[in-house]
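Enquirer: Okay, here's the structure, questions in a sec.
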Amino acid sequence: MKYLAFLSVALGAAVALAAPNNRKRAACTSAVNIPQSQNPFSGRTLHANSYYGDRVRAAAQNMTDSSLQAAALKVANVGSFLWLDTMSTIPTFESYLQETTCDEIFGVVIYDLPGRDCAAKASNGELAVGQLSTYKSQYIDPIVQIIKRNPNIAIAALIEPDSLPNLVTNSNLTTCQQSAAGYRDGVVYALQQLNLPNVAMYIDAGHGGWLGWDANLQPGAQELAKAYKNAGSPASVHGIATNVAGWNAWIKNPGEFENTADGQYDKCQDEQRYVTIFGAALQTAGMPNHAIVDTGRNAWGDWCNVNGAGFGVRPTSSTGTSLADAFVWVKPGGESDGTSNTSATRYDSFCGKSDAYKPAPEAGQWNQAYFEMLLKNAVPQF
């Protein structure tokens, strides 16, 4: 992501989930319990859900280069998070969840707050401001019921990307002012209801180029800690998620603008420094401060479909930093961040910038050419 103090990240919302194949596997023979003191990814592999895997395998069939096709098929086996970004995705959730084996952890993104993505247009959601009761009863509650029916499966739940960070840096926008109460109440409700023994929750915390600025560190930590405390300090909250659908490097020294005049005001110019510095602020604010970091895509530019990007570090719990529980793939590489069609209702000007890949379909729709670019530019290569 581009390092701007007041930049909101617009995430590519996943398209409605198709029904999965019948791939139910052997879960654990007893109920899973993930203590807050334990790294949930230690001894577990992030599950490669078949929703993304099937999209990748279909993309591979459209390739004529056999070596590129072989590399694509390897991507299909990389663990990634499943996005529940509309109520319509919930009916298929359980079937995907039940693919998970006992040595895996299933990653799921909770992402459907009323007035979603208040500072950008590309991934505006289905629920309008004021529809908090619908969010609770028709979105969160059905998800919780599914998880309760599957206590033998370990789950990592990423809570509402962009929501609380937007309230820290974009409170001047009318849309974010209108969404604020629903965001705060909705996140608290999600934390309370998903506080289950087999669930490890991570609240979205933007990235080092967003809340990592000196002026945003303390307010950001306080905003997240307030949600955690207002939810009753749930034992299933392990910390934060960073760089979700982002582009920042885990380690980059010096950072992209570290040696410029503005560089002195952001000491978090890579995600390793952000996890460490923001983690300390979280601890002071009274919230668990471990992190998962999205390393699925690497590039440098603004947030939308960055040209020249490549797949990044594969999911692993070997991060070399005690506060970083795991590197994970959250954003499904190949799904668009937003459309480049200037006449579209959800067109965002960032998707038309010079560093954005074009043409690009609506957020969440598959972009074959972009997927192939990610594959060719992958570091490490497949």
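By order of appearance in the structure tokens: chains A, B, ..., then residues from 1 within every chain, and ligands from 1 in the order shown.
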At a cut-off of 12 Å, using only C-alpha atoms, what residues contact Ala344 of chain A? Leave out same-chain residues fewer than 2 positions from it and give the result as a count of residues only.

Expert: 17

Enquirer: If we count only C-alpha atoms, what is near Asn150 of chain A at a cut-off of 9 Å, once residues fewer than 5 positions away on the same chain are taken out, given as a ChimeraX atom specification?

Expert: /A:27,31,94,97-98,145,198

Enquirer: Residues of segment 194-358 of chain A classed as helix (DSSP H, G or I) by DSSP on the backbone are to be reported as a PyMOL selection string.

Expert: chain A and resi 214-230+261-265+271-285+349-352

Enquirer: Once you have the residues from the selection above, write them out as a short mmCIF file (atom, residue, chain, number, x, y, z; two decimals), in the first residue's frame, restricted to N, CA and C atoms.

Expert:
```cif
data_model
loop_
_atom_site.label_atom_id
_atom_site.label_comp_id
_atom_site.auth_asym_id
_atom_site.auth_seq_id
_atom_site.Cartn_x
_atom_site.Cartn_y
_atom_site.Cartn_z
N ASP A 214 3.29 8.01 13.25
CA ASP A 214 3.41 8.39 14.66
C ASP A 214 2.09 8.91 15.22
N ALA A 215 1.38 9.72 14.44
CA ALA A 215 0.15 10.33 14.91
C ALA A 215 -1.00 9.33 15.02
N ASN A 216 -0.85 8.15 14.38
CA ASN A 216 -1.93 7.17 14.37
C ASN A 216 -1.72 5.98 15.30
N LEU A 217 -0.49 5.80 15.78
CA LEU A 217 -0.17 4.61 16.57
C LEU A 217 -1.01 4.50 17.83
N GLN A 218 -0.98 5.53 18.67
CA GLN A 218 -1.71 5.46 19.94
C GLN A 218 -3.22 5.47 19.73
N PRO A 219 -3.76 6.37 18.89
CA PRO A 219 -5.21 6.32 18.64
C PRO A 219 -5.65 4.97 18.07
N GLY A 220 -4.83 4.40 17.19
CA GLY A 220 -5.17 3.11 16.61
C GLY A 220 -5.21 2.00 17.65
N ALA A 221 -4.19 1.95 18.48
CA ALA A 221 -4.14 0.93 19.53
C ALA A 221 -5.30 1.10 20.50
N GLN A 222 -5.62 2.33 20.83
CA GLN A 222 -6.72 2.59 21.76
C GLN A 222 -8.07 2.20 21.16
N GLU A 223 -8.25 2.45 19.86
CA GLU A 223 -9.52 2.09 19.20
C GLU A 223 -9.73 0.57 19.23
N LEU A 224 -8.70 -0.17 18.90
CA LEU A 224 -8.82 -1.62 18.89
C LEU A 224 -8.97 -2.18 20.30
N ALA A 225 -8.20 -1.64 21.23
CA ALA A 225 -8.28 -2.11 22.61
C ALA A 225 -9.65 -1.82 23.21
N LYS A 226 -10.24 -0.71 22.83
CA LYS A 226 -11.58 -0.37 23.32
C LYS A 226 -12.60 -1.41 22.86
N ALA A 227 -12.50 -1.83 21.60
CA ALA A 227 -13.41 -2.86 21.09
C ALA A 227 -13.22 -4.16 21.87
N TYR A 228 -11.98 -4.53 22.08
CA TYR A 228 -11.66 -5.76 22.83
C TYR A 228 -12.24 -5.72 24.24
N LYS A 229 -12.05 -4.60 24.92
CA LYS A 229 -12.54 -4.48 26.29
C LYS A 229 -14.06 -4.39 26.35
N ASN A 230 -14.65 -3.65 25.41
CA ASN A 230 -16.11 -3.53 25.38
C ASN A 230 -16.78 -4.87 25.09
N ALA A 261 11.82 13.45 3.70
CA ALA A 261 11.45 14.32 4.83
C ALA A 261 10.30 13.73 5.65
N ASP A 262 9.32 13.11 4.97
CA ASP A 262 8.18 12.54 5.68
C ASP A 262 8.51 11.25 6.41
N GLY A 263 9.61 10.61 6.01
CA GLY A 263 9.96 9.32 6.59
C GLY A 263 10.12 9.35 8.10
N GLN A 264 10.51 10.48 8.64
CA GLN A 264 10.72 10.57 10.08
C GLN A 264 9.43 10.41 10.88
N TYR A 265 8.29 10.56 10.22
CA TYR A 265 7.01 10.50 10.92
C TYR A 265 6.35 9.12 10.86
N GLU A 271 6.31 -4.34 7.61
CA GLU A 271 5.35 -4.94 8.54
C GLU A 271 6.00 -5.53 9.79
N GLN A 272 7.25 -5.91 9.69
CA GLN A 272 7.93 -6.41 10.89
C GLN A 272 8.03 -5.30 11.93
N ARG A 273 8.43 -4.12 11.49
CA ARG A 273 8.52 -3.01 12.43
C ARG A 273 7.14 -2.60 12.93
N TYR A 274 6.15 -2.68 12.05
CA TYR A 274 4.79 -2.32 12.47
C TYR A 274 4.26 -3.27 13.54
N VAL A 275 4.44 -4.57 13.32
CA VAL A 275 3.98 -5.56 14.30
C VAL A 275 4.64 -5.32 15.65
N THR A 276 5.92 -4.97 15.63
CA THR A 276 6.65 -4.75 16.88
C THR A 276 6.23 -3.46 17.57
N ILE A 277 6.19 -2.36 16.82
CA ILE A 277 5.90 -1.05 17.42
C ILE A 277 4.43 -0.92 17.78
N PHE A 278 3.55 -1.31 16.86
CA PHE A 278 2.12 -1.25 17.16
C PHE A 278 1.77 -2.27 18.25
N GLY A 279 2.47 -3.39 18.23
CA GLY A 279 2.25 -4.40 19.27
C GLY A 279 2.53 -3.86 20.66
N ALA A 280 3.58 -3.06 20.78
CA ALA A 280 3.89 -2.45 22.07
C ALA A 280 2.79 -1.48 22.50
N ALA A 281 2.27 -0.73 21.54
CA ALA A 281 1.18 0.20 21.84
C ALA A 281 -0.08 -0.55 22.26
N LEU A 282 -0.35 -1.68 21.64
CA LEU A 282 -1.50 -2.50 22.02
C LEU A 282 -1.35 -3.04 23.43
N GLN A 283 -0.16 -3.49 23.75
CA GLN A 283 0.08 -4.01 25.09
C GLN A 283 -0.16 -2.93 26.14
N THR A 284 0.31 -1.74 25.87
CA THR A 284 0.08 -0.62 26.78
C THR A 284 -1.41 -0.32 26.91
N ALA A 285 -2.14 -0.46 25.81
CA ALA A 285 -3.58 -0.18 25.80
C ALA A 285 -4.39 -1.31 26.44
N SER A 349 -11.36 5.89 -7.86
CA SER A 349 -10.32 6.53 -8.67
C SER A 349 -8.95 5.87 -8.50
N PHE A 350 -8.72 5.23 -7.35
CA PHE A 350 -7.43 4.56 -7.15
C PHE A 350 -7.25 3.40 -8.12
N CYS A 351 -8.35 2.83 -8.60
CA CYS A 351 -8.27 1.73 -9.56
C CYS A 351 -8.02 2.24 -10.98
N GLY A 352 -7.99 3.55 -11.15
CA GLY A 352 -7.67 4.15 -12.43
C GLY A 352 -6.31 4.83 -12.46
#
```

Enquirer: Need to verify the contact set: Pro161 of chain A, 10 Å, only C-alpha atoms, exclusion of same-chain residues closer than 5 positions in sequence. Can you return it as a PyMOL selection string?

Expert: chain A and resi 9-11+109-113+116-117+166+203-206+241-245

Enquirer: In Å to one decimal, how far is atom CA of Ala356 of chain A from atom CA of Trp303 of chain A?

Expert: 8.3 Å

Enquirer: Kindly assemble as a Markdown table a list of the segment 86-200 of chain A residues that lie within 9 Å of segment 63-81 of chain A, each paired with its nearest atom pair and their distance in Å to one decimal, using only C-alpha atoms, sorted first by chain and then by ascending residue number.

Expert:
```
| residue | atom | partner | partner_atom | distance |
| --- | --- | --- | --- | --- |
| A:Phe106 | CA | A:Phe81 | CA | 7.2 |
| A:Gly107 | CA | A:Phe81 | CA | 4.3 |
| A:Val108 | CA | A:Phe81 | CA | 5.1 |
| A:Val109 | CA | A:Phe81 | CA | 6.5 |
| A:Ala156 | CA | A:Phe81 | CA | 8.7 |
| A:Ala157 | CA | A:Phe81 | CA | 8.8 |
| A:Leu158 | CA | A:Phe81 | CA | 8.8 |
```

Enquirer: What does the file look like for those residues with all heavy atoms, as a PDB file, in the first residue's frame?

Expert:
```
ATOM      1  N   PHE A 106      -8.396 -23.580   9.738  1.00  0.00           N
ATOM      2  CA  PHE A 106      -9.196 -22.980   8.673  1.00  0.00           C
ATOM      3  C   PHE A 106      -9.240 -21.469   8.871  1.00  0.00           C
ATOM      4  O   PHE A 106      -9.583 -20.979   9.947  1.00  0.00           O
ATOM      5  CB  PHE A 106     -10.621 -23.549   8.704  1.00  0.00           C
ATOM      6  CG  PHE A 106     -11.474 -23.140   7.536  1.00  0.00           C
ATOM      7  CD1 PHE A 106     -11.573 -23.953   6.425  1.00  0.00           C
ATOM      8  CD2 PHE A 106     -12.175 -21.937   7.549  1.00  0.00           C
ATOM      9  CE1 PHE A 106     -12.363 -23.570   5.329  1.00  0.00           C
ATOM     10  CE2 PHE A 106     -12.959 -21.552   6.473  1.00  0.00           C
ATOM     11  CZ  PHE A 106     -13.045 -22.375   5.358  1.00  0.00           C
ATOM     12  N   GLY A 107      -8.922 -20.709   7.834  1.00  0.00           N
ATOM     13  CA  GLY A 107      -8.944 -19.248   7.912  1.00  0.00           C
ATOM     14  C   GLY A 107     -10.218 -18.682   7.307  1.00  0.00           C
ATOM     15  O   GLY A 107     -10.595 -19.041   6.187  1.00  0.00           O
ATOM     16  N   VAL A 108     -10.891 -17.805   8.051  1.00  0.00           N
ATOM     17  CA  VAL A 108     -12.122 -17.198   7.557  1.00  0.00           C
ATOM     18  C   VAL A 108     -12.108 -15.700   7.830  1.00  0.00           C
ATOM     19  O   VAL A 108     -11.638 -15.256   8.885  1.00  0.00           O
ATOM     20  CB  VAL A 108     -13.368 -17.854   8.191  1.00  0.00           C
ATOM     21  CG1 VAL A 108     -13.396 -17.663   9.703  1.00  0.00           C
ATOM     22  CG2 VAL A 108     -14.653 -17.335   7.555  1.00  0.00           C
ATOM     23  N   VAL A 109     -12.588 -14.917   6.874  1.00  0.00           N
ATOM     24  CA  VAL A 109     -12.663 -13.464   7.008  1.00  0.00           C
ATOM     25  C   VAL A 109     -14.111 -13.060   7.264  1.00  0.00           C
ATOM     26  O   VAL A 109     -14.999 -13.374   6.467  1.00  0.00           O
ATOM     27  CB  VAL A 109     -12.135 -12.742   5.752  1.00  0.00           C
ATOM     28  CG1 VAL A 109     -12.205 -11.225   5.940  1.00  0.00           C
ATOM     29  CG2 VAL A 109     -10.707 -13.170   5.443  1.00  0.00           C
ATOM     30  N   ALA A 156      -9.141 -19.798  12.452  1.00  0.00           N
ATOM     31  CA  ALA A 156      -8.603 -18.451  12.626  1.00  0.00           C
ATOM     32  C   ALA A 156      -9.574 -17.492  11.963  1.00  0.00           C
ATOM     33  O   ALA A 156      -9.839 -17.602  10.762  1.00  0.00           O
ATOM     34  CB  ALA A 156      -7.219 -18.324  12.000  1.00  0.00           C
ATOM     35  N   ALA A 157     -10.134 -16.577  12.737  1.00  0.00           N
ATOM     36  CA  ALA A 157     -11.131 -15.640  12.212  1.00  0.00           C
ATOM     37  C   ALA A 157     -10.559 -14.234  12.192  1.00  0.00           C
ATOM     38  O   ALA A 157     -10.149 -13.702  13.224  1.00  0.00           O
ATOM     39  CB  ALA A 157     -12.398 -15.683  13.067  1.00  0.00           C
ATOM     40  N   LEU A 158     -10.544 -13.635  11.017  1.00  0.00           N
ATOM     41  CA  LEU A 158     -10.060 -12.269  10.836  1.00  0.00           C
ATOM     42  C   LEU A 158     -11.284 -11.350  10.869  1.00  0.00           C
ATOM     43  O   LEU A 158     -12.199 -11.503  10.076  1.00  0.00           O
ATOM     44  CB  LEU A 158      -9.326 -12.167   9.503  1.00  0.00           C
ATOM     45  CG  LEU A 158      -8.401 -10.980   9.266  1.00  0.00           C
ATOM     46  CD1 LEU A 158      -7.523 -11.252   8.059  1.00  0.00           C
ATOM     47  CD2 LEU A 158      -9.171  -9.687   9.062  1.00  0.00           C
TER      48      LEU A 158
END
```

Enquirer: Within 9 Å of Met201 of chain A, counting only C-alpha atoms, which residues qualify if same-chain residues fewer than 5 places away don't, as a ChimeraX atom specification?

Expert: /A:155-159,191,194-195,236-240

Enquirer: Looking at A:Leu84, A:Pro142, A:Arg149, A:Gly130, which one is nearest to Ser179 of chain A, with distances taken over only C-alpha atoms?

Expert: A:Gly130

Enquirer: Just the strand (DSSP E or B) stuff from segment 90-264 of chain A, please, per backbone DSSP, written as a PyMOL selection string.

Expert: chain A and resi 104-110+155-159+199-204+213+237-242

Enquirer: Those same residues, written as a CSV table (one decimal), in the first residue's frame with N, CA and C atoms?

Expert:
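As written to disk, result35.csv reads:
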```csv
chain,number,residue,atom,x,y,z
A,104,GLU,N,-4.6,-29.0,10.5
A,104,GLU,CA,-4.8,-27.8,9.8
A,104,GLU,C,-5.6,-26.8,10.6
A,105,ILE,N,-5.5,-25.5,10.2
A,105,ILE,CA,-6.4,-24.5,10.8
A,105,ILE,C,-7.1,-23.8,9.6
A,106,PHE,N,-8.4,-23.6,9.7
A,106,PHE,CA,-9.2,-23.0,8.7
A,106,PHE,C,-9.2,-21.5,8.9
A,107,GLY,N,-8.9,-20.7,7.8
A,107,GLY,CA,-8.9,-19.2,7.9
A,107,GLY,C,-10.2,-18.7,7.3
A,108,VAL,N,-10.9,-17.8,8.1
A,108,VAL,CA,-12.1,-17.2,7.6
A,108,VAL,C,-12.1,-15.7,7.8
A,109,VAL,N,-12.6,-14.9,6.9
A,109,VAL,CA,-12.7,-13.5,7.0
A,109,VAL,C,-14.1,-13.1,7.3
A,110,ILE,N,-14.3,-12.4,8.4
A,110,ILE,CA,-15.6,-11.8,8.7
A,110,ILE,C,-15.7,-10.4,8.2
A,155,ILE,N,-10.0,-22.9,14.0
A,155,ILE,CA,-10.4,-21.8,13.1
A,155,ILE,C,-9.7,-20.5,13.5
A,156,ALA,N,-9.1,-19.8,12.5
A,156,ALA,CA,-8.6,-18.5,12.6
A,156,ALA,C,-9.6,-17.5,12.0
A,157,ALA,N,-10.1,-16.6,12.7
A,157,ALA,CA,-11.1,-15.6,12.2
A,157,ALA,C,-10.6,-14.2,12.2
A,158,LEU,N,-10.5,-13.6,11.0
A,158,LEU,CA,-10.1,-12.3,10.8
A,158,LEU,C,-11.3,-11.3,10.9
A,159,ILE,N,-11.3,-10.4,11.8
A,159,ILE,CA,-12.5,-9.6,12.1
A,159,ILE,C,-12.5,-8.3,11.3
A,199,VAL,N,-11.7,-21.2,18.2
A,199,VAL,CA,-11.5,-20.0,17.4
A,199,VAL,C,-10.5,-19.1,17.9
A,200,ALA,N,-9.6,-18.7,17.0
A,200,ALA,CA,-8.6,-17.7,17.4
A,200,ALA,C,-8.9,-16.4,16.5
A,201,MET,N,-9.2,-15.3,17.2
A,201,MET,CA,-9.6,-14.1,16.4
A,201,MET,C,-8.5,-13.1,16.4
A,202,TYR,N,-8.4,-12.4,15.2
A,202,TYR,CA,-7.4,-11.4,15.0
A,202,TYR,C,-8.2,-10.2,14.4
A,203,ILE,N,-8.1,-9.0,15.1
A,203,ILE,CA,-8.9,-7.8,14.6
A,203,ILE,C,-8.0,-7.1,13.6
A,204,ASP,N,-8.6,-6.7,12.5
A,204,ASP,CA,-7.8,-6.0,11.5
A,204,ASP,C,-7.2,-4.7,12.0
A,213,TRP,N,1.9,5.4,11.2
A,213,TRP,CA,2.3,6.8,11.4
A,213,TRP,C,2.3,7.2,12.9
A,237,VAL,N,-9.5,-13.8,21.5
A,237,VAL,CA,-8.8,-12.8,20.7
A,237,VAL,C,-7.3,-12.9,21.0
A,238,HIS,N,-6.6,-13.1,19.9
A,238,HIS,CA,-5.1,-13.3,20.0
A,238,HIS,C,-4.3,-12.0,19.7
A,239,GLY,N,-5.0,-11.1,18.9
A,239,GLY,CA,-4.3,-9.9,18.5
A,239,GLY,C,-4.9,-9.3,17.3
A,240,ILE,N,-4.0,-9.0,16.3
A,240,ILE,CA,-4.4,-8.2,15.1
A,240,ILE,C,-4.0,-8.9,13.8
A,241,ALA,N,-4.6,-8.5,12.8
A,241,ALA,CA,-4.2,-8.9,11.4
A,241,ALA,C,-3.7,-7.7,10.7
A,242,THR,N,-2.5,-7.8,10.0
A,242,THR,CA,-2.0,-6.6,9.3
A,242,THR,C,-1.8,-6.9,7.8
```

Enquirer: Quote the spacing between atom CA of Met373 of chain A and atom CA of Gly310 of chain A in Å to one decimal place.

Expert: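 Atom-to-atom, atom CA of Met373 of chain A and atom CA of Gly310 of chain A are spaced 6.7 Å apart.
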
Enquirer: In terms of the shortest atom-to-atom distance over only C-alpha atoms, which of A:Asp337, A:Lys353, A:Thr316, A:Pro254 is closest to Arg44 of chain A?

Expert: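 For Arg44 of chain A, the nearest of the given residues is A:Thr316.
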
Enquirer: I'd like the contact shell of Tyr189 of chain A - 10 Å cut-off, only C-alpha atoms, skipping same-chain residues fewer than 2 positions apart - returned as a PyMOL selection string.

Expert: chain A and resi 132+135-136+140-141+183-187+191-195+227+230-231

Enquirer: Could you save the residues just selected, with C-alpha atoms, as a PDB file, in the first residue's frame?

Expert:
```pdb
ATOM      1  CA  LEU A 132     -26.893  -3.548  12.553  1.00  0.00           C
ATOM      2  CA  TYR A 135     -25.738  -7.931  10.586  1.00  0.00           C
ATOM      3  CA  LYS A 136     -26.175  -9.602  13.964  1.00  0.00           C
ATOM      4  CA  ILE A 140     -22.924 -13.217  12.566  1.00  0.00           C
ATOM      5  CA  ASP A 141     -25.429 -15.524  14.259  1.00  0.00           C
ATOM      6  CA  TYR A 183     -18.714  -0.484  13.147  1.00  0.00           C
ATOM      7  CA  ARG A 184     -17.939  -0.329  16.848  1.00  0.00           C
ATOM      8  CA  ASP A 185     -21.082  -2.149  17.953  1.00  0.00           C
ATOM      9  CA  GLY A 186     -20.795  -4.709  15.156  1.00  0.00           C
ATOM     10  CA  VAL A 187     -17.173  -5.566  15.918  1.00  0.00           C
ATOM     11  CA  LEU A 191     -15.974 -10.645  19.153  1.00  0.00           C
ATOM     12  CA  GLN A 192     -18.497 -11.685  21.794  1.00  0.00           C
ATOM     13  CA  GLN A 193     -20.281 -14.282  19.695  1.00  0.00           C
ATOM     14  CA  LEU A 194     -17.171 -15.800  18.099  1.00  0.00           C
ATOM     15  CA  ASN A 195     -15.499 -16.203  21.480  1.00  0.00           C
ATOM     16  CA  ALA A 227     -13.406  -2.864  21.093  1.00  0.00           C
ATOM     17  CA  ASN A 230     -16.111  -3.532  25.378  1.00  0.00           C
ATOM     18  CA  ALA A 231     -16.572  -7.113  24.204  1.00  0.00           C
TER      19      ALA A 231
END
```
